[in-house]
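Accompanying notes for the structure given below.
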Amino acid sequence: MSRPVETRGLDGTILADTVAQASRLPRLRSLLVLRDGQVLAEQRFKGGPPLDQPVNIKSASKSVLSALVGIAIARGVLTGVDQPVLSVLRSDAPPDPDPRLARLTVEDLLTMRAGLERTSGENYGRWVSSRNWVRFALARPFVDEPGGAMLYSTGNTHLMSAMLTRASGRDTHTLMRDWLAEPLGITIPPWSRDPQGIFFGGNDMMMSPRSLARFGELYRLGGVIDGRRIVPARWIEESWTPRTVSPWSGG
């Protein structure tokens with residue numbers, strides 16, 4: 001194992017100890033540490049895949065999709081975070097929907113405050129086994145008001161993927177490639193889709209550890225990387241703004 005890079009104001013011994021402890025975590029396969037753009041540690045553990053190999057980033061894909069939503073708003077594909085979800089997905093709403101569904105917005109989906117019964121946790125299997133994921137998610141009963149408490153639900157992010165696809169006329173992977181991956185100089189290969197062909201919004205996206213680090217740098221630098229504006233500065237600022245509290249972590 002190589003020794004981490006020394007840098008001003010950081011104790012290299014502590015970083016080396018951190019990497020050593022990380023190597024003992026049973027499920028960890030890679031660790032990258034960057035500071036001010038400088039790579040301080042870059043390690044693979046337990047025969048993990050190469051650091052440039054795309055792997056399933058699971059729910060971290062929710063944050064990547066959020067960046068795509070910010071770009072879509074800047075490009076006029078979506079009108080803003082206050083845009084009603086049914087303005088795009090009305091054809092998939094239940095025949096006699098709860099009136100609160102009309103109040104559901106892009107911001108409610110992104111901040112996990114939709115108020116709809118969750119499609120994650122104990123409900124995940126039923127959701128991904130359904131014939132139409134978008135309709136299933138929109139048909140969940142309300143257990144809170146839109147904009148209320150945090151209810152972590154992957155269906156929220158999948159509805160965003162559906163909105164992006166319907167509003168733009170292009171699939172989510174194509175948007176991801178053209179608006180985010182190519183400008184960042186990274187690769188995001190196609191990932192799984194729902195039965196209607198909507199790319200899974202919120203799970204199963206493929207990125208390499210180095211690509212994820214590049215994405216992190218984009219947010220650290222306020223949406224500009226290599227002198228190119230990719231994500232609006234306001235979107236980065238709003239993304240860092242707390243809106244709710246996790247019932248699991250308290251964060």
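A note on labels: chains of the structure tokens are A, B, ... as shown, every chain counts residues from 1, and ligands are counted from 1 in their shown order.
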Using only C-alpha atoms, I'd like a table of the residues in range 103-206 of chain A that come within 9 Å of range 243-247 of chain A; for each, show the closest atom pair and its distance in Å rounded to one decimal, ordered by chain and ascending number, as CSV.
```
residue,atom,partner,partner_atom,distance
A:Thr111,CA,A:Arg243,CA,7.2
A:Met112,CA,A:Thr244,CA,8.6
A:Arg113,CA,A:Thr244,CA,8.2
A:Gly148,CA,A:Thr244,CA,8.5
A:Ala149,CA,A:Thr244,CA,6.8
A:Met150,CA,A:Thr244,CA,6.1
A:Leu151,CA,A:Ser246,CA,8.3
A:Tyr152,CA,A:Ser246,CA,8.4
```
Could you take the residues named above and write them with all heavy atoms, as a PDB file, in the first residue's frame?
```pdb
ATOM      1  N   THR A 111     -36.199  16.680  -2.779  1.00  0.00           N
ATOM      2  CA  THR A 111     -35.881  16.795  -1.350  1.00  0.00           C
ATOM      3  C   THR A 111     -36.530  15.685  -0.522  1.00  0.00           C
ATOM      4  O   THR A 111     -36.498  15.734   0.705  1.00  0.00           O
ATOM      5  CB  THR A 111     -36.336  18.166  -0.801  1.00  0.00           C
ATOM      6  OG1 THR A 111     -37.754  18.312  -0.978  1.00  0.00           O
ATOM      7  CG2 THR A 111     -35.606  19.298  -1.517  1.00  0.00           C
ATOM      8  N   MET A 112     -37.087  14.672  -1.204  1.00  0.00           N
ATOM      9  CA  MET A 112     -37.690  13.520  -0.531  1.00  0.00           C
ATOM     10  C   MET A 112     -38.828  13.943   0.413  1.00  0.00           C
ATOM     11  O   MET A 112     -38.993  13.421   1.497  1.00  0.00           O
ATOM     12  CB  MET A 112     -36.636  12.717   0.232  1.00  0.00           C
ATOM     13  CG  MET A 112     -35.624  12.037  -0.652  1.00  0.00           C
ATOM     14  SD  MET A 112     -36.389  10.753  -1.672  1.00  0.00           S
ATOM     15  CE  MET A 112     -35.022  10.349  -2.784  1.00  0.00           C
ATOM     16  N   ARG A 113     -39.610  14.911  -0.046  1.00  0.00           N
ATOM     17  CA  ARG A 113     -40.740  15.395   0.737  1.00  0.00           C
ATOM     18  C   ARG A 113     -42.024  15.336  -0.088  1.00  0.00           C
ATOM     19  O   ARG A 113     -42.856  16.237  -0.027  1.00  0.00           O
ATOM     20  CB  ARG A 113     -40.475  16.814   1.237  1.00  0.00           C
ATOM     21  CG  ARG A 113     -39.281  16.927   2.181  1.00  0.00           C
ATOM     22  CD  ARG A 113     -39.121  18.342   2.701  1.00  0.00           C
ATOM     23  NE  ARG A 113     -38.911  19.285   1.602  1.00  0.00           N
ATOM     24  CZ  ARG A 113     -38.957  20.611   1.732  1.00  0.00           C
ATOM     25  NH1 ARG A 113     -39.211  21.151   2.909  1.00  0.00           N
ATOM     26  NH2 ARG A 113     -38.746  21.399   0.696  1.00  0.00           N
ATOM     27  N   GLY A 148     -43.751  18.130   3.210  1.00  0.00           N
ATOM     28  CA  GLY A 148     -43.736  17.826   4.642  1.00  0.00           C
ATOM     29  C   GLY A 148     -42.462  17.143   5.092  1.00  0.00           C
ATOM     30  O   GLY A 148     -41.360  17.560   4.722  1.00  0.00           O
ATOM     31  N   ALA A 149     -42.605  16.067   5.843  1.00  0.00           N
ATOM     32  CA  ALA A 149     -41.442  15.379   6.406  1.00  0.00           C
ATOM     33  C   ALA A 149     -40.692  14.594   5.333  1.00  0.00           C
ATOM     34  O   ALA A 149     -41.223  14.285   4.267  1.00  0.00           O
ATOM     35  CB  ALA A 149     -41.891  14.434   7.516  1.00  0.00           C
ATOM     36  N   MET A 150     -39.440  14.254   5.644  1.00  0.00           N
ATOM     37  CA  MET A 150     -38.636  13.447   4.737  1.00  0.00           C
ATOM     38  C   MET A 150     -39.155  12.017   4.714  1.00  0.00           C
ATOM     39  O   MET A 150     -39.300  11.370   5.744  1.00  0.00           O
ATOM     40  CB  MET A 150     -37.171  13.435   5.164  1.00  0.00           C
ATOM     41  CG  MET A 150     -36.304  12.537   4.288  1.00  0.00           C
ATOM     42  SD  MET A 150     -34.631  12.381   4.884  1.00  0.00           S
ATOM     43  CE  MET A 150     -33.992  11.182   3.722  1.00  0.00           C
ATOM     44  N   LEU A 151     -39.447  11.527   3.502  1.00  0.00           N
ATOM     45  CA  LEU A 151     -39.844  10.138   3.279  1.00  0.00           C
ATOM     46  C   LEU A 151     -38.987   9.616   2.134  1.00  0.00           C
ATOM     47  O   LEU A 151     -39.309   9.824   0.967  1.00  0.00           O
ATOM     48  CB  LEU A 151     -41.334  10.050   2.923  1.00  0.00           C
ATOM     49  CG  LEU A 151     -42.325  10.467   4.001  1.00  0.00           C
ATOM     50  CD1 LEU A 151     -43.717  10.678   3.409  1.00  0.00           C
ATOM     51  CD2 LEU A 151     -42.377   9.408   5.098  1.00  0.00           C
ATOM     52  N   TYR A 152     -37.876   8.969   2.476  1.00  0.00           N
ATOM     53  CA  TYR A 152     -36.910   8.530   1.460  1.00  0.00           C
ATOM     54  C   TYR A 152     -37.563   7.530   0.519  1.00  0.00           C
ATOM     55  O   TYR A 152     -38.041   6.479   0.951  1.00  0.00           O
ATOM     56  CB  TYR A 152     -35.687   7.905   2.135  1.00  0.00           C
ATOM     57  CG  TYR A 152     -34.592   7.541   1.169  1.00  0.00           C
ATOM     58  CD1 TYR A 152     -33.565   8.455   0.891  1.00  0.00           C
ATOM     59  CD2 TYR A 152     -34.570   6.314   0.527  1.00  0.00           C
ATOM     60  CE1 TYR A 152     -32.552   8.134   0.001  1.00  0.00           C
ATOM     61  CE2 TYR A 152     -33.567   5.995  -0.362  1.00  0.00           C
ATOM     62  CZ  TYR A 152     -32.563   6.901  -0.621  1.00  0.00           C
ATOM     63  OH  TYR A 152     -31.565   6.582  -1.516  1.00  0.00           O
TER      64      TYR A 152
END
```
Show me, as a PyMOL selection string, the residues that have an atom within 9 Å of Pro50 in chain A when counting only C-alpha atoms, minus same-chain residues fewer than 2 positions from it. chain A and resi 30+44+47-48+52-54+208-209
Do a neighbour search on Arg35 in chain A at 10 Å with only C-alpha atoms, toss out local chain neighbours closer than 6 positions, and write the hits as a compact mmCIF listing (two decimals) with C-alpha atoms, in the first residue's frame.
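Saved to selection12.txt:
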```
# COMPACT_ATOMS: atom_id res chain seq x y z
CA THR A 7 0.01 18.30 1.83
CA LEU A 10 -2.78 17.85 6.82
CA ALA A 41 -5.05 8.91 -1.45
CA GLU A 217 -15.01 18.31 -7.77
CA ARG A 220 -16.75 21.78 -4.83
```
Here is a test: counting only C-alpha atoms, which residue of A:Pro183, A:Gly223, A:Gly197, A:Gly202 is nearest to His158 in chain A?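 Of the candidates, the smallest distance to His158 in chain A is held by A:Gly202.
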Among range 50-234 of chain A, which ones does DSSP place in strand (DSSP E or B), written as a PyMOL selection string? chain A and resi 55-56+84+105+116+142+193+199+206-207+224-225+228-229
Test item: residues at most 10 Å from Leu101 in chain A, only C-alpha atoms, excluding those fewer than 6 positions along its chain, as a list of chain:residue names: A:Pro84, A:Val85, A:Leu86, A:Arg90, A:Ala93, A:Pro94, A:Ala114, A:Gly115, A:Leu116, A:Leu138, A:Ala139, A:Arg140, A:Pro141, A:Phe142, A:Glu145, A:Pro146
How would the residues just chosen look if you wrote them out with N, CA, C and O atoms as a PDB file, in the first residue's frame?
```pdb
ATOM      1  N   PRO A  84     -45.152  21.748 -11.287  1.00  0.00           N
ATOM      2  CA  PRO A  84     -45.935  20.582 -10.855  1.00  0.00           C
ATOM      3  C   PRO A  84     -45.536  19.326 -11.617  1.00  0.00           C
ATOM      4  O   PRO A  84     -45.314  19.368 -12.836  1.00  0.00           O
ATOM      5  N   VAL A  85     -45.453  18.230 -10.911  1.00  0.00           N
ATOM      6  CA  VAL A  85     -45.097  16.961 -11.536  1.00  0.00           C
ATOM      7  C   VAL A  85     -46.120  16.565 -12.593  1.00  0.00           C
ATOM      8  O   VAL A  85     -45.777  16.079 -13.677  1.00  0.00           O
ATOM      9  N   LEU A  86     -47.386  16.825 -12.319  1.00  0.00           N
ATOM     10  CA  LEU A  86     -48.440  16.442 -13.265  1.00  0.00           C
ATOM     11  C   LEU A  86     -48.437  17.294 -14.529  1.00  0.00           C
ATOM     12  O   LEU A  86     -49.109  16.935 -15.508  1.00  0.00           O
ATOM     13  N   ARG A  90     -49.107  13.883 -16.218  1.00  0.00           N
ATOM     14  CA  ARG A  90     -50.542  13.762 -15.938  1.00  0.00           C
ATOM     15  C   ARG A  90     -51.136  12.489 -16.533  1.00  0.00           C
ATOM     16  O   ARG A  90     -52.051  11.873 -15.941  1.00  0.00           O
ATOM     17  N   ALA A  93     -51.191   9.672 -14.064  1.00  0.00           N
ATOM     18  CA  ALA A  93     -51.838   9.854 -12.767  1.00  0.00           C
ATOM     19  C   ALA A  93     -53.028   8.903 -12.637  1.00  0.00           C
ATOM     20  O   ALA A  93     -53.613   8.478 -13.644  1.00  0.00           O
ATOM     21  N   PRO A  94     -53.422   8.561 -11.420  1.00  0.00           N
ATOM     22  CA  PRO A  94     -54.614   7.731 -11.227  1.00  0.00           C
ATOM     23  C   PRO A  94     -55.855   8.417 -11.792  1.00  0.00           C
ATOM     24  O   PRO A  94     -55.895   9.650 -11.922  1.00  0.00           O
ATOM     25  N   ALA A 114     -42.171  14.252  -0.852  1.00  0.00           N
ATOM     26  CA  ALA A 114     -43.346  14.145  -1.724  1.00  0.00           C
ATOM     27  C   ALA A 114     -44.626  13.932  -0.929  1.00  0.00           C
ATOM     28  O   ALA A 114     -45.708  14.304  -1.384  1.00  0.00           O
ATOM     29  N   GLY A 115     -44.511  13.304   0.240  1.00  0.00           N
ATOM     30  CA  GLY A 115     -45.700  12.993   1.018  1.00  0.00           C
ATOM     31  C   GLY A 115     -46.335  11.670   0.634  1.00  0.00           C
ATOM     32  O   GLY A 115     -47.201  11.157   1.356  1.00  0.00           O
ATOM     33  N   LEU A 116     -45.939  11.098  -0.514  1.00  0.00           N
ATOM     34  CA  LEU A 116     -46.476   9.824  -0.967  1.00  0.00           C
ATOM     35  C   LEU A 116     -45.861   8.668  -0.183  1.00  0.00           C
ATOM     36  O   LEU A 116     -44.714   8.747   0.258  1.00  0.00           O
ATOM     37  N   LEU A 138     -46.999   7.228  -8.643  1.00  0.00           N
ATOM     38  CA  LEU A 138     -47.983   8.308  -8.566  1.00  0.00           C
ATOM     39  C   LEU A 138     -49.282   7.858  -7.887  1.00  0.00           C
ATOM     40  O   LEU A 138     -50.035   8.700  -7.391  1.00  0.00           O
ATOM     41  N   ALA A 139     -49.519   6.563  -7.847  1.00  0.00           N
ATOM     42  CA  ALA A 139     -50.749   6.048  -7.254  1.00  0.00           C
ATOM     43  C   ALA A 139     -50.611   5.737  -5.765  1.00  0.00           C
ATOM     44  O   ALA A 139     -51.585   5.308  -5.134  1.00  0.00           O
ATOM     45  N   ARG A 140     -49.414   5.972  -5.191  1.00  0.00           N
ATOM     46  CA  ARG A 140     -49.245   5.698  -3.756  1.00  0.00           C
ATOM     47  C   ARG A 140     -50.137   6.647  -2.951  1.00  0.00           C
ATOM     48  O   ARG A 140     -50.292   7.825  -3.310  1.00  0.00           O
ATOM     49  N   PRO A 141     -50.701   6.180  -1.858  1.00  0.00           N
ATOM     50  CA  PRO A 141     -51.492   7.081  -1.010  1.00  0.00           C
ATOM     51  C   PRO A 141     -50.608   8.112  -0.317  1.00  0.00           C
ATOM     52  O   PRO A 141     -49.421   7.856  -0.067  1.00  0.00           O
ATOM     53  N   PHE A 142     -51.170   9.254  -0.034  1.00  0.00           N
ATOM     54  CA  PHE A 142     -50.439  10.276   0.708  1.00  0.00           C
ATOM     55  C   PHE A 142     -50.419   9.917   2.193  1.00  0.00           C
ATOM     56  O   PHE A 142     -51.456   9.651   2.784  1.00  0.00           O
ATOM     57  N   GLU A 145     -48.199  15.595   3.837  1.00  0.00           N
ATOM     58  CA  GLU A 145     -48.451  16.631   2.839  1.00  0.00           C
ATOM     59  C   GLU A 145     -47.241  16.798   1.927  1.00  0.00           C
ATOM     60  O   GLU A 145     -46.093  16.608   2.360  1.00  0.00           O
ATOM     61  N   PRO A 146     -47.417  17.177   0.658  1.00  0.00           N
ATOM     62  CA  PRO A 146     -46.272  17.547  -0.169  1.00  0.00           C
ATOM     63  C   PRO A 146     -45.478  18.668   0.496  1.00  0.00           C
ATOM     64  O   PRO A 146     -46.057  19.641   0.993  1.00  0.00           O
TER      65      PRO A 146
END
```
Can you list, as a PyMOL selection string, every protein, DNA or RNA residue that comes within 12 Å of Thr79 in chain A when you count only C-alpha atoms, leaving out same-chain residues fewer than 4 positions away? chain A and resi 69-75+83-85+87-88+105-107+163-164+167-168
Restricting the calculation to only C-alpha atoms, which member of A:Trp235, A:Gly227, A:Ser153, A:Asn56 is positioned closest to Pro189 in chain A?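 So, comparing all the options, the nearest one is A:Asn56.
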Hey, what's within 12 Å of Phe215 in chain A if we count only C-alpha atoms and toss same-chain stuff fewer than 4 positions away? As number ranges by chain, please? A: 34, 37, 60-61, 63-68, 180-188, 207-211, 219-225, 230-231, 236
